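> File protein.txt follows (compact mmCIF, C-alpha atoms):
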# COMPACT_ATOMS: atom_id res chain seq x y z
CA MET U 1 -18.62 27.40 -30.22
CA LYS U 2 -16.66 28.47 -27.14
CA THR U 3 -17.87 25.37 -25.27
CA ARG U 4 -16.76 23.17 -28.14
CA MET U 5 -13.31 24.78 -28.13
CA LEU U 6 -13.02 24.40 -24.38
CA LEU U 7 -13.95 20.73 -24.57
CA THR U 8 -11.46 20.15 -27.35
CA THR U 9 -8.77 21.84 -25.28
CA LEU U 10 -9.65 19.85 -22.17
CA ALA U 11 -9.67 16.61 -24.12
CA ALA U 12 -6.30 17.47 -25.61
CA LEU U 13 -4.93 18.25 -22.16
CA ALA U 14 -6.18 14.89 -20.91
CA VAL U 15 -4.37 13.15 -23.76
CA ILE U 16 -1.20 15.13 -23.08
CA ALA U 17 -1.39 14.22 -19.40
CA VAL U 18 -1.68 10.52 -20.21
CA ALA U 19 1.02 10.64 -22.86
CA ALA U 20 3.32 12.46 -20.46
CA THR U 21 2.69 9.78 -17.89
CA ALA U 22 4.42 7.20 -20.04
CA GLU U 23 7.55 9.30 -20.34
CA THR U 24 7.55 11.21 -17.07
CA PRO U 25 5.73 8.96 -14.63
CA GLU U 26 6.81 10.99 -11.61
CA ALA U 27 5.53 14.30 -12.92
CA PRO U 28 2.97 15.76 -10.52
CA ARG U 29 -0.69 15.77 -11.61
CA PHE U 30 -2.27 17.39 -8.57
CA GLY U 31 -5.08 19.87 -8.90
CA ASN U 32 -6.66 18.08 -11.84
CA LEU U 33 -9.63 16.46 -10.14
CA ASP U 34 -12.03 19.33 -10.78
CA SER U 35 -11.00 19.48 -14.45
CA ALA U 36 -11.46 15.72 -14.65
CA LYS U 37 -14.98 16.01 -13.19
CA ALA U 38 -15.83 18.67 -15.78
CA ILE U 39 -14.65 16.44 -18.63
CA SER U 40 -16.41 13.42 -17.13
CA ALA U 41 -19.68 15.37 -16.84
CA LYS U 42 -19.46 16.19 -20.56
CA ASP U 43 -18.31 12.93 -22.11
CA GLY U 44 -19.32 10.37 -19.48
CA ARG U 45 -15.91 8.75 -19.03
CA PRO U 46 -15.25 7.62 -15.47
CA ILE U 47 -12.32 9.09 -13.53
CA ILE U 48 -9.42 7.13 -12.14
CA LEU U 49 -7.50 8.74 -9.32
CA ASP U 50 -4.03 7.21 -9.33
CA PHE U 51 -2.38 7.65 -5.93
CA TYR U 52 1.32 6.96 -6.33
CA ALA U 53 4.47 7.35 -4.28
CA ASP U 54 7.82 8.32 -5.75
CA TRP U 55 9.97 5.96 -3.72
CA MET M 1 3.91 4.39 -14.15
CA PHE M 2 2.02 3.46 -17.27
CA VAL M 3 4.14 2.38 -20.22
CA ASP M 4 2.00 -0.29 -21.88
CA PRO M 5 0.54 1.27 -25.07
CA LYS M 6 -2.81 -0.48 -24.50
CA VAL M 7 -3.05 0.93 -20.98
CA ILE M 8 -2.21 4.42 -22.22
CA GLU M 9 -4.90 4.07 -24.90
CA PHE M 10 -7.29 2.82 -22.22
CA PHE M 11 -6.71 5.97 -20.19
CA THR M 12 -6.98 8.16 -23.27
CA LYS M 13 -10.22 6.73 -24.66
CA GLU M 14 -12.11 5.08 -21.82
CA MET M 15 -11.06 6.81 -18.61
CA ILE M 16 -9.86 10.16 -17.32
CA LEU M 17 -6.62 9.78 -15.40
CA VAL M 18 -5.71 12.02 -12.51
CA GLN M 19 -2.36 11.30 -10.94
CA VAL M 20 -1.81 12.21 -7.33
CA ASN M 21 1.48 12.01 -5.46
CA GLY M 22 -0.24 10.79 -2.33
CA ASP M 23 2.97 10.14 -0.45
CA ARG M 24 4.61 13.56 -0.39
CA VAL M 25 2.54 16.17 -2.21
CA ASP M 26 -1.22 15.75 -1.98
CA THR M 27 -1.36 13.80 1.25
CA ALA M 28 -4.65 15.48 2.20
CA LEU M 29 -6.45 13.95 -0.80
CA ALA M 30 -4.81 10.59 -0.05
CA GLY M 31 -6.10 10.90 3.51
CA GLN M 32 -9.57 11.81 2.30
CA TYR M 33 -9.66 8.59 0.28
CA CYS M 34 -8.01 6.57 3.10
CA VAL M 35 -5.17 5.47 0.84
CA ALA M 36 -3.04 3.06 2.83
CA ALA M 37 -0.83 1.62 0.08
CA PHE M 38 0.75 2.77 -3.16
CA PRO M 39 -0.26 2.55 -5.87
CA THR M 40 -3.98 2.77 -5.19
CA LEU M 41 -6.30 3.54 -8.10
CA VAL M 42 -9.75 4.81 -7.24
CA LEU M 43 -12.47 4.62 -9.88
CA MET M 44 -15.14 7.28 -9.54
CA ASP M 45 -18.15 8.53 -11.40
CA LYS M 46 -18.56 12.04 -12.79
CA ASP M 47 -19.74 13.33 -9.40
CA GLY M 48 -16.61 12.11 -7.69
CA LYS M 49 -18.42 9.23 -5.99
CA GLU M 50 -16.21 6.17 -5.57
CA ILE M 51 -17.23 3.09 -7.53
CA ASP M 52 -14.36 0.86 -6.34
CA ARG M 53 -10.60 0.71 -6.19
CA VAL M 54 -7.52 -1.40 -6.88
CA ALA M 55 -4.58 -1.40 -4.47
CA GLY M 56 -1.28 -2.69 -5.84
CA TYR M 57 -0.22 -3.82 -9.28
CA LEU M 58 -2.07 -5.91 -11.85
CA PRO M 59 -0.98 -7.18 -15.29
CA PRO M 60 -2.16 -4.78 -18.05
CA GLU M 61 -5.06 -6.86 -19.41
CA GLU M 62 -6.37 -7.72 -15.93
CA PHE M 63 -5.93 -4.10 -14.89
CA MET M 64 -8.09 -2.80 -17.74
CA GLN M 65 -10.69 -5.58 -17.45
CA THR M 66 -11.05 -4.98 -13.70
CA PHE M 67 -11.95 -1.33 -14.24
CA ARG M 68 -14.23 -2.11 -17.19
CA ASP M 69 -16.05 -4.62 -14.97
CA TYR M 70 -16.27 -2.12 -12.13
CA THR M 71 -18.00 0.39 -14.38
CA LYS M 72 -20.67 -2.28 -14.97
CA GLY M 73 -20.94 -3.11 -11.28
CA VAL M 74 -19.16 -6.45 -11.72
CA GLY M 75 -16.56 -7.49 -9.16
CA THR M 76 -17.10 -4.47 -6.97
CA ILE M 77 -17.27 -4.93 -3.21
CA ALA M 78 -21.03 -4.41 -3.35
CA ASP M 79 -21.26 -7.14 -5.99
CA LEU M 80 -19.12 -9.55 -3.93
CA VAL M 81 -21.12 -8.91 -0.76
CA ALA M 82 -24.39 -9.51 -2.61
CA LYS M 83 -23.08 -12.82 -3.98
CA SER M 84 -21.64 -13.87 -0.60
CA LYS M 85 -25.12 -14.80 0.56
CA ASP M 86 -24.81 -17.89 -1.66
CA SER M 87 -21.36 -18.80 -0.36
CA THR M 88 -20.08 -20.41 2.83
CA SER M 89 -16.48 -20.27 1.64
CA ARG M 90 -14.01 -18.72 4.07
CA GLU M 91 -11.78 -17.79 1.13
CA TYR M 92 -14.64 -15.82 -0.39
CA SER M 93 -15.16 -13.92 2.87
CA LEU M 94 -11.42 -13.32 3.06
CA GLN M 95 -11.52 -11.85 -0.43
CA ILE M 96 -14.17 -9.35 0.72
CA ALA M 97 -12.21 -8.51 3.87
CA GLU M 98 -9.05 -7.88 1.83
CA ARG M 99 -10.98 -5.55 -0.45
CA TYR M 100 -12.47 -3.59 2.44
CA LYS M 101 -9.04 -3.33 4.06
CA TYR M 102 -7.91 -0.83 1.42
CA THR M 103 -11.04 1.34 1.67
CA CYS M 104 -12.18 3.78 4.34
CA ASP M 105 -14.48 1.15 5.84
CA LYS M 106 -12.01 -0.59 8.15
CA ALA M 107 -14.82 -1.71 10.46
CA ALA M 108 -16.28 -3.75 7.60
CA ALA M 109 -12.87 -5.25 6.90
CA GLU M 110 -12.49 -6.32 10.52
CA GLN M 111 -16.02 -7.73 10.52
CA TRP M 112 -15.28 -9.89 7.46
CA TYR M 113 -11.92 -11.04 8.85
CA ASN M 114 -13.70 -12.08 12.03
CA LYS M 115 -16.26 -13.90 9.92
CA VAL M 116 -13.45 -15.97 8.39
CA ILE M 117 -12.03 -16.75 11.84
CA ALA M 118 -15.44 -17.67 13.29
CA ALA M 119 -16.19 -20.01 10.37
CA GLY M 120 -13.13 -22.19 11.00
CA ASP M 121 -10.44 -23.15 13.49
CA PRO M 122 -9.21 -19.94 15.18
CA LEU M 123 -5.70 -21.41 15.24
CA ASP M 124 -5.41 -22.44 11.59
CA SER M 125 -3.29 -20.55 9.07
CA LEU M 126 -6.20 -18.69 7.49
CA SER M 127 -7.29 -17.39 10.91
CA GLY M 128 -3.70 -16.40 11.65
CA GLU M 129 -3.57 -14.47 8.39
CA CYS M 130 -6.81 -12.65 9.29
CA ARG M 131 -5.62 -11.82 12.79
CA SER M 132 -2.38 -10.48 11.38
CA SER M 133 -4.32 -8.28 8.94
CA ILE M 134 -6.47 -6.93 11.78
CA ALA M 135 -3.32 -6.11 13.79
CA ASP M 136 -1.86 -4.35 10.76
CA MET M 137 -5.03 -2.27 10.38
CA TYR M 138 -4.80 -1.24 14.04
CA SER M 139 -1.23 -0.14 13.48
CA ARG M 140 -2.10 1.90 10.37
CA ALA M 141 -4.99 3.47 12.29
CA LYS M 142 -2.47 4.49 14.98
CA ARG M 143 -4.10 2.15 17.49
CA PHE M 144 -0.60 1.12 18.52
CA ASP M 145 -1.40 -0.57 21.84
CA ASP M 146 -4.16 -2.62 20.21
CA ALA M 147 -1.82 -3.60 17.39
CA ILE M 148 0.94 -4.73 19.76
CA ALA M 149 -1.52 -6.68 21.91
CA ALA M 150 -2.92 -8.39 18.81
CA TYR M 151 0.54 -9.34 17.55
CA ARG M 152 1.58 -10.64 20.99
CA LYS M 153 -1.53 -12.84 21.07
CA ILE M 154 -0.63 -14.21 17.61
CA ILE M 155 2.89 -14.99 18.86
CA ALA M 156 1.46 -16.86 21.85
CA ASP M 157 -1.06 -18.81 19.76
CA PHE M 158 1.22 -19.62 16.82
CA GLU M 159 4.57 -20.21 18.57
CA GLY M 160 7.09 -21.90 16.27
CA LYS M 161 5.24 -20.89 13.11
CA GLN M 162 6.36 -18.34 10.54
CA ILE M 163 3.46 -16.03 11.41
CA ALA M 164 4.76 -15.79 14.99
CA ASP M 165 8.21 -14.76 13.71
CA ASP M 166 6.64 -12.22 11.37
CA SER M 167 4.56 -10.83 14.23
CA ARG M 168 7.66 -10.31 16.37
CA GLN M 169 9.19 -8.15 13.66
CA ALA M 170 5.83 -6.43 13.15
CA ILE M 171 5.82 -5.26 16.77
CA GLY M 172 9.11 -3.48 16.07
CA TYR M 173 7.52 -1.82 13.02
CA VAL M 174 4.57 -0.69 15.15
CA TYR M 175 6.98 1.01 17.56
CA VAL M 176 8.65 2.75 14.60
CA ARG M 177 5.28 3.95 13.31
CA ALA M 178 4.53 5.20 16.84
CA LYS M 179 7.94 6.92 16.79
CA LYS M 180 8.93 4.94 19.89
CA TYR M 181 12.36 4.28 18.46
CA ASP M 182 14.02 3.09 21.67
CA ASP M 183 11.28 0.50 22.12
CA ALA M 184 11.68 -0.59 18.50
CA ILE M 185 15.43 -1.11 18.91
CA ALA M 186 14.88 -2.94 22.20
CA GLU M 187 12.31 -5.20 20.49
CA PHE M 188 14.61 -6.04 17.57
CA LYS M 189 17.60 -6.62 19.87
CA GLN M 190 15.48 -8.91 22.03
CA ILE M 191 14.53 -10.96 18.95
CA ALA M 192 18.19 -11.09 17.87
CA ALA M 193 19.26 -12.35 21.30
CA THR M 194 16.45 -14.92 21.57
CA PHE M 195 16.93 -16.36 18.07
CA LYS M 196 20.71 -16.10 17.77
CA GLY M 197 21.91 -17.93 14.65
CA LYS M 198 18.42 -18.18 13.18
CA GLN M 199 16.55 -16.19 10.54
CA PRO M 200 14.51 -14.02 12.96
CA ALA M 201 17.80 -12.73 14.43
CA THR M 202 19.14 -11.96 10.95
CA ASP M 203 15.98 -10.01 10.11
CA ALA M 204 15.89 -8.23 13.48
CA ASP M 205 19.50 -7.05 13.24
CA MET M 206 18.78 -5.74 9.75
CA ASN M 207 15.72 -3.91 11.12
CA VAL M 208 17.88 -2.00 13.60
CA GLY M 209 19.23 -0.15 10.56
CA TYR M 210 15.66 0.56 9.46
CA VAL M 211 14.90 2.13 12.86
CA TYR M 212 17.88 4.47 12.65
CA ARG M 213 16.92 5.32 9.07
CA SER M 214 13.41 6.19 10.27
CA MET M 215 14.99 8.38 12.95
CA LYS M 216 17.01 10.04 10.15
CA ASP M 217 20.16 9.16 12.10
CA THR M 218 22.26 8.49 9.01
CA ALA M 219 25.52 7.71 10.82
CA LYS M 220 23.94 5.11 13.09
CA ALA M 221 21.92 3.64 10.23
CA ILE M 222 25.08 3.17 8.13
CA ALA M 223 26.87 1.69 11.15
CA ALA M 224 23.98 -0.71 11.77
CA TYR M 225 23.95 -1.96 8.16
CA GLU M 226 27.76 -2.27 8.08
CA TYR M 227 27.69 -4.18 11.37
CA TRP M 228 25.00 -6.45 9.91
CA LEU M 229 27.24 -7.20 6.90
CA THR M 230 30.12 -8.16 9.21
CA ILE M 231 28.09 -10.54 11.38
CA TYR M 232 26.03 -12.14 8.59
CA PRO M 233 28.50 -12.73 5.73
CA GLN M 234 26.69 -15.96 4.85
CA ALA M 235 23.22 -14.38 4.73
CA ASP M 236 20.92 -14.62 1.75
CA SER M 237 22.43 -12.78 -1.22
CA SER M 238 19.31 -10.61 -1.66
CA ASP M 239 19.59 -9.49 1.99
CA ILE M 240 23.27 -8.65 1.52
CA ALA M 241 22.42 -6.69 -1.63
CA TYR M 242 19.66 -4.87 0.28
CA ALA M 243 22.01 -3.87 3.12
CA LYS M 244 24.64 -2.63 0.65
CA LYS M 245 22.01 -0.68 -1.25
CA GLN M 246 20.82 1.00 1.95
CA ILE M 247 24.40 2.00 2.82
CA ASP M 248 24.90 3.39 -0.66
CA ARG M 249 21.64 5.37 -0.53
CA LEU M 250 22.46 6.71 2.92
CA LYS M 251 25.92 7.82 1.79
CA ASN M 252 24.66 9.16 -1.54
CA PRO M 253 21.07 10.36 -0.99
CA PRO M 254 19.06 10.95 -4.18
CA ALA M 255 18.43 14.57 -5.16
CA PRO M 256 15.03 15.89 -4.03
CA LYS M 257 12.17 15.70 -6.55
CA PRO M 258 11.20 18.98 -8.26
CA GLU M 259 7.97 19.34 -6.29
CA GLU M 260 9.90 19.12 -3.01
CA LYS M 261 12.06 22.12 -3.87
CA LYS M 262 9.20 24.58 -3.53
Starting from the file, give its structure as structure tokens.


Amino acid sequence: MKTRMLLTTLAALAVIAVAATAETPEAPRFGNLDSAKAISAKDGRPIILDFYADW
Amino acid sequence: MFVDPKVIEFFTKEMILVQVNGDRVDTALAGQYCVAAFPTLVLMDKDGKEIDRVAGYLPPEEFMQTFRDYTKGVGTIADLVAKSKDSTSREYSLQIAERYKYTCDKAAAEQWYNKVIAAGDPLDSLSGECRSSIADMYSRAKRFDDAIAAYRKIIADFEGKQIADDSRQAIGYVYVRAKKYDDAIAEFKQIAATFKGKQPATDADMNVGYVYRSMKDTAKAIAAYEYWLTIYPQADSSDIAYAKKQIDRLKNPPAPKPEEKK
């Protein structure tokens, strides 16, 4: 049950991060790689690391 | 910046997006992945192992299809190299070299560029393009002397061609990257004197402003751009707009981003 809740939360966070990207493209997203690996290990989605510059 | 609804849906349903400010914040991670241009998008599996990457911008549909193909092993560097055994095309080899150029395997990139050169006339435009890319890789790898020597050889071999003019300016950029600002200014002033009244001089005089900007000498940078505007009133309108924009930005610098205030 706890695992299910955690996964739901992580998935929701991933959606929020992507949605926020559209509106606040320059918002920092550092420190998320480990979380992304955890989600990827569970649901199999590949990870895309987007290296950007805020020029 | 992702604004296309299909791309956002793509990241929501098919991929996990991690955004990294590789320029100012997480430069260590950018270094670890040898990111040499922005944006660079690295596709990786659940273990963090790189599958392939895209450097630069693509239209939305092509962007999504490229990553979908990569996940199936289609169009990846490994796939292209495997198929290259059936091809003698220099353009195909160039495509592989260009892909390697934006990865950590610069030696492979150089090897494929040299393959393109060896398969044709070393003085044709494709070879010139490859030699210029190799020189650029040297510069980015901080092999400044090698980069300058490579550009000087291109100038000698391609005198009178656009690539020779571009290489002259590139030498100035190498000096800037090496923080040899006096040498950079001397290089650009030499170009301006040699090509007085021609495009290379216009570009070189503009680049003097870039050197001062790199030195963070705002007053001299503004003076250089203002001087450029006075001596090139008939220059291309986009160049004039660029110089004016630089002056404006130097006089009114943008506020620092939130993450820089820490």

> With only C-alpha atoms considered, list every residue of chain M at most 9 Å from chain U, as a short mmCIF file (atom, residue, chain, number, x, y, z; two decimals) with C-alpha atoms, in the coordinates of the input.


data_model
loop_
_atom_site.label_atom_id
_atom_site.label_comp_id
_atom_site.auth_asym_id
_atom_site.auth_seq_id
_atom_site.Cartn_x
_atom_site.Cartn_y
_atom_site.Cartn_z
CA MET M 1 3.91 4.39 -14.15
CA PHE M 2 2.02 3.46 -17.27
CA VAL M 3 4.14 2.38 -20.22
CA ASP M 4 2.00 -0.29 -21.88
CA PRO M 5 0.54 1.27 -25.07
CA ILE M 8 -2.21 4.42 -22.22
CA GLU M 9 -4.90 4.07 -24.90
CA PHE M 11 -6.71 5.97 -20.19
CA THR M 12 -6.98 8.16 -23.27
CA LYS M 13 -10.22 6.73 -24.66
CA GLU M 14 -12.11 5.08 -21.82
CA MET M 15 -11.06 6.81 -18.61
CA ILE M 16 -9.86 10.16 -17.32
CA LEU M 17 -6.62 9.78 -15.40
CA VAL M 18 -5.71 12.02 -12.51
CA GLN M 19 -2.36 11.30 -10.94
CA VAL M 20 -1.81 12.21 -7.33
CA ASN M 21 1.48 12.01 -5.46
CA GLY M 22 -0.24 10.79 -2.33
CA ASP M 23 2.97 10.14 -0.45
CA ARG M 24 4.61 13.56 -0.39
CA VAL M 25 2.54 16.17 -2.21
CA ASP M 26 -1.22 15.75 -1.98
CA ALA M 30 -4.81 10.59 -0.05
CA VAL M 35 -5.17 5.47 0.84
CA ALA M 37 -0.83 1.62 0.08
CA PHE M 38 0.75 2.77 -3.16
CA PRO M 39 -0.26 2.55 -5.87
CA THR M 40 -3.98 2.77 -5.19
CA LEU M 41 -6.30 3.54 -8.10
CA VAL M 42 -9.75 4.81 -7.24
CA LEU M 43 -12.47 4.62 -9.88
CA MET M 44 -15.14 7.28 -9.54
CA ASP M 45 -18.15 8.53 -11.40
CA LYS M 46 -18.56 12.04 -12.79
CA ASP M 47 -19.74 13.33 -9.40
CA GLY M 48 -16.61 12.11 -7.69
CA ARG M 53 -10.60 0.71 -6.19
CA THR M 71 -18.00 0.39 -14.38
CA LYS M 257 12.17 15.70 -6.55
CA PRO M 258 11.20 18.98 -8.26
CA GLU M 259 7.97 19.34 -6.29
#

> Taking 3 positions as the minimum chain separation for residues in the same chain, which residues sit within 12 Å of Thr88 in chain M when counting only C-alpha atoms? Answer as a PyMOL selection string.

chain M and resi 83-85+91-94+115-116+118-120

> Can you spit out the residues from that selection as a CSV table (one decimal), keeping the file's coordinate frame, using C-alpha atoms?


chain,number,residue,atom,x,y,z
M,83,LYS,CA,-23.1,-12.8,-4.0
M,84,SER,CA,-21.6,-13.9,-0.6
M,85,LYS,CA,-25.1,-14.8,0.6
M,91,GLU,CA,-11.8,-17.8,1.1
M,92,TYR,CA,-14.6,-15.8,-0.4
M,93,SER,CA,-15.2,-13.9,2.9
M,94,LEU,CA,-11.4,-13.3,3.1
M,115,LYS,CA,-16.3,-13.9,9.9
M,116,VAL,CA,-13.4,-16.0,8.4
M,118,ALA,CA,-15.4,-17.7,13.3
M,119,ALA,CA,-16.2,-20.0,10.4
M,120,GLY,CA,-13.1,-22.2,11.0

> As an exercise, work out the distance from CA of Ile155 in chain M to CA of Leu126 in chain M in Å and give it to one decimal place.

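Computing the Euclidean distance for CA of Ile155 in chain M and CA of Leu126 in chain M yields 15.0 Å.
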
> Record the distance separating CA of Ala178 in chain M and CA of Phe144 in chain M, expressed in Å with one decimal.

6.8 Å

> How far is it from CA of Lys198 in chain M to CA of Tyr242 in chain M, in Å with one decimal?

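Between CA of Lys198 in chain M and CA of Tyr242 in chain M the gap works out to 18.6 Å.
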
> Pick the closest to Tyr225 in chain M from M:Asp205, M:Asp105, M:Asp52, M:Glu61: which is it, counting only C-alpha atoms?

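For Tyr225 in chain M, the nearest of the candidates is M:Asp205.
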
> Leaving out range 208-216 of chain M and any residue of its chain fewer than 2 positions from it, which residues lie within 10 Å of it when counting all atoms listed in the file, given as a PyMOL selection string?

chain M and resi 172-173+175-177+179-182+184-189+203-206+218-228+243+246-247+250

> Point out the residue among M:Phe195, M:Tyr113, M:Phe158, M:Phe10 with the least atom-to-atom distance to Lys101 in chain M, counting all atoms listed in the file.

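Of M:Phe195, M:Tyr113, M:Phe158, M:Phe10, the one nearest Lys101 in chain M, counting all atoms listed in the file, is M:Tyr113.
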
> Once 6 Å is added on each side, what are the centre and the three edge lengths, in Å to one decimal, of the axis-aligned box enclosing the listed atoms of range 52-65 of chain M? Present them as lines of an AutoDock Vina configuration file.


center_x = -7.3
center_y = -3.4
center_z = -11.9
size_x = 26.1
size_y = 20.6
size_z = 26.9
